[in-house]
Amino acid sequence: LLITGGWDNLVKFWDLRSPQPAGQLQLPGPLVDMDCSTFPMATFMVSREIIVYDLQNKREMKRMEPHHTIKEQLRCIGNFPDVKGNPGFAAGSIEGRVCIMYINEEPNQGDTKNFSFKCHRENNSVDIYAVHDISFHPVFGTFATAGANGNFAFWDKDAKQRLKNFGNADQPVPCAGFNDDGTLFGYAVSYDWSKGQENYDPSKGHHILIHSVEEQEVKNKPPKAPGKK
């Protein structure tokens with residue numbers, strides 16, 4: 001099954017043996033991003049709303065807004081790999097912030113599980129960059145963010161810690177992801193047009209790079225003791 005979505009407000013389901021879609025889902029607006037990797041749960045990001053969808057039974061499960069600290073446009077989404085435990089997702093925004101949201105928690109009701117954190121910011125948060133992509137590690141459930149400042153980082157949502165930050169490339173990182181067993185991390189380096197045509201430098205080109213993942217870079221860490229930063 002191939003799933004596509006776009007700015008025509010539609011998600012389409014394809015059987016590659018047929019030139020016509022096997023079905024489609026009408027969205028309330030243009031699709032910003034989606035994650036269909038955690039069957040049967042899928043998430044579709046539309047404007048500032050996340051639609052949680054059951055692929056197996058072809059029904060909408062829930063609609064959620066991001067954490068109340070997210071004020072600007074959403075850009076990307078990644079589902080927790082363990083949907084049988086406590087399913088949820090991470091959503092990134094253009095304001096250099098990611099929110100962690102659990103499907104079974106009511107958003108913005110003072111709960112302690114849903115939260116957000118700042119990332120892809122420089123010069124004491126004076127320079128703020130968009131979070132372009134989020135990818136969860138298939139074994140440990142930690143995750144990576146890729147940003148417009150040209151770096152990527154690995155995070156542990158349960159311990160609420162950054163595991164490792166990787167130095168800046170000379171261009172934004174618009175997309176990235178782990179392979180099936182989490183031993184490799186691929187990422188693209190390319191201009192994202194966020195600063196307009198006048199800042200495009202064709203001499204920098206476009207690159208796809210592979211990072212060989214070491215276990216200590218992505219393995220979960222124990223939570224910090226209360227009162228420690």
# chains A, B, ... in the order shown; residues from 1 in each chain; ligands from 1
>>> residues_around(residues="Leu16 of chain A", least_positions_apart="5", cutoff="10 Å", atoms="only C-alpha atoms", output="MDAnalysis selection string")
chainID A and resid 1:2 21:22
>>> select_by_dssp(residues="segment 11-182 of chain A", states="strand (DSSP E)", output="PyMOL selection string")
chain A and resi 11-14+23-26+31-38+41-46+49-54+59-64+74-79+88-93+97-102+115-118+121-122+127-128+131-136+143-147+152-156+161-166+176-178
>>> closest_residue(among="A:Ser135, A:Ser47, A:Gln20, A:Asn149", to="Lys195 of chain A", atoms="only C-alpha atoms")
A:Asn149
>>> atom_distance(atom1="atom CA of Asn57 of chain A", atom2="atom CA of Phe143 of chain A")
28.0 Å
>>> residues_around(residues="segment 151-167 of chain A", least_positions_apart="4", cutoff="8 Å", atoms="only C-alpha atoms", output="PyMOL selection string")
chain A and resi 100+120+141-147+172-173+217-218+220-224
>>> atom_distance(atom1="atom CA of Asn168 of chain A", atom2="atom CA of Thr183 of chain A")
21.5 Å
>>> residues_around(residues="Phe178 of chain A", least_positions_apart="4", cutoff="8 Å", atoms="only C-alpha atoms", output="NGL selection string")
:A and (135-138 or 182-186)
>>> write_last_selection(atoms="N, CA and C atoms", output="compact mmCIF listing (two decimals), in the first residue's frame")
# COMPACT_ATOMS: atom_id res chain seq x y z
N SER A 135 12.42 11.93 13.12
CA SER A 135 12.47 10.50 12.84
C SER A 135 12.79 9.75 14.12
N PHE A 136 11.97 8.73 14.44
CA PHE A 136 12.18 7.94 15.65
C PHE A 136 13.04 6.72 15.36
N HIS A 137 13.91 6.40 16.34
CA HIS A 137 14.74 5.22 16.22
C HIS A 137 13.88 3.98 16.43
N PRO A 138 13.96 2.97 15.55
CA PRO A 138 13.05 1.82 15.61
C PRO A 138 13.30 0.88 16.79
N GLY A 182 17.93 0.94 12.53
CA GLY A 182 18.48 2.05 13.29
C GLY A 182 19.98 2.16 13.29
N THR A 183 20.66 1.44 12.43
CA THR A 183 22.12 1.48 12.40
C THR A 183 22.66 2.59 11.50
N LEU A 184 21.81 3.12 10.65
CA LEU A 184 22.20 4.19 9.75
C LEU A 184 21.21 5.34 9.85
N PHE A 185 21.73 6.55 9.69
CA PHE A 185 20.89 7.74 9.69
C PHE A 185 21.22 8.55 8.45
N GLY A 186 20.27 8.67 7.55
CA GLY A 186 20.48 9.41 6.32
C GLY A 186 19.88 10.80 6.41
>>> atom_distance(atom1="atom CA of Gly177 of chain A", atom2="atom CA of Glu214 of chain A")
14.9 Å
>>> select_by_dssp(residues="segment 132-207 of chain A", states="helix (DSSP H, G or I)", output="PyMOL selection string")
chain A and resi 197-199+202-204
>>> write_last_selection(atoms="N, CA, C and O atoms", output="PDB file, in the first residue's frame")
ATOM      1  N   GLN A 197      15.035  33.593  -2.910  1.00  0.00           N
ATOM      2  CA  GLN A 197      15.909  33.284  -4.038  1.00  0.00           C
ATOM      3  C   GLN A 197      17.242  34.023  -3.946  1.00  0.00           C
ATOM      4  O   GLN A 197      18.279  33.518  -4.380  1.00  0.00           O
ATOM      5  N   GLU A 198      17.228  35.204  -3.339  1.00  0.00           N
ATOM      6  CA  GLU A 198      18.452  36.008  -3.297  1.00  0.00           C
ATOM      7  C   GLU A 198      19.551  35.360  -2.459  1.00  0.00           C
ATOM      8  O   GLU A 198      20.727  35.726  -2.592  1.00  0.00           O
ATOM      9  N   ASN A 199      19.189  34.407  -1.580  1.00  0.00           N
ATOM     10  CA  ASN A 199      20.187  33.719  -0.762  1.00  0.00           C
ATOM     11  C   ASN A 199      20.518  32.323  -1.273  1.00  0.00           C
ATOM     12  O   ASN A 199      21.239  31.577  -0.603  1.00  0.00           O
ATOM     13  N   PRO A 202      23.823  28.254  -5.898  1.00  0.00           N
ATOM     14  CA  PRO A 202      23.838  26.979  -6.624  1.00  0.00           C
ATOM     15  C   PRO A 202      25.164  26.240  -6.523  1.00  0.00           C
ATOM     16  O   PRO A 202      25.217  25.026  -6.731  1.00  0.00           O
ATOM     17  N   SER A 203      26.247  26.935  -6.167  1.00  0.00           N
ATOM     18  CA  SER A 203      27.546  26.274  -6.077  1.00  0.00           C
ATOM     19  C   SER A 203      27.614  25.302  -4.891  1.00  0.00           C
ATOM     20  O   SER A 203      28.463  24.417  -4.871  1.00  0.00           O
ATOM     21  N   LYS A 204      26.719  25.448  -3.924  1.00  0.00           N
ATOM     22  CA  LYS A 204      26.729  24.555  -2.766  1.00  0.00           C
ATOM     23  C   LYS A 204      26.108  23.200  -3.073  1.00  0.00           C
ATOM     24  O   LYS A 204      26.353  22.224  -2.368  1.00  0.00           O
TER      25      LYS A 204
END
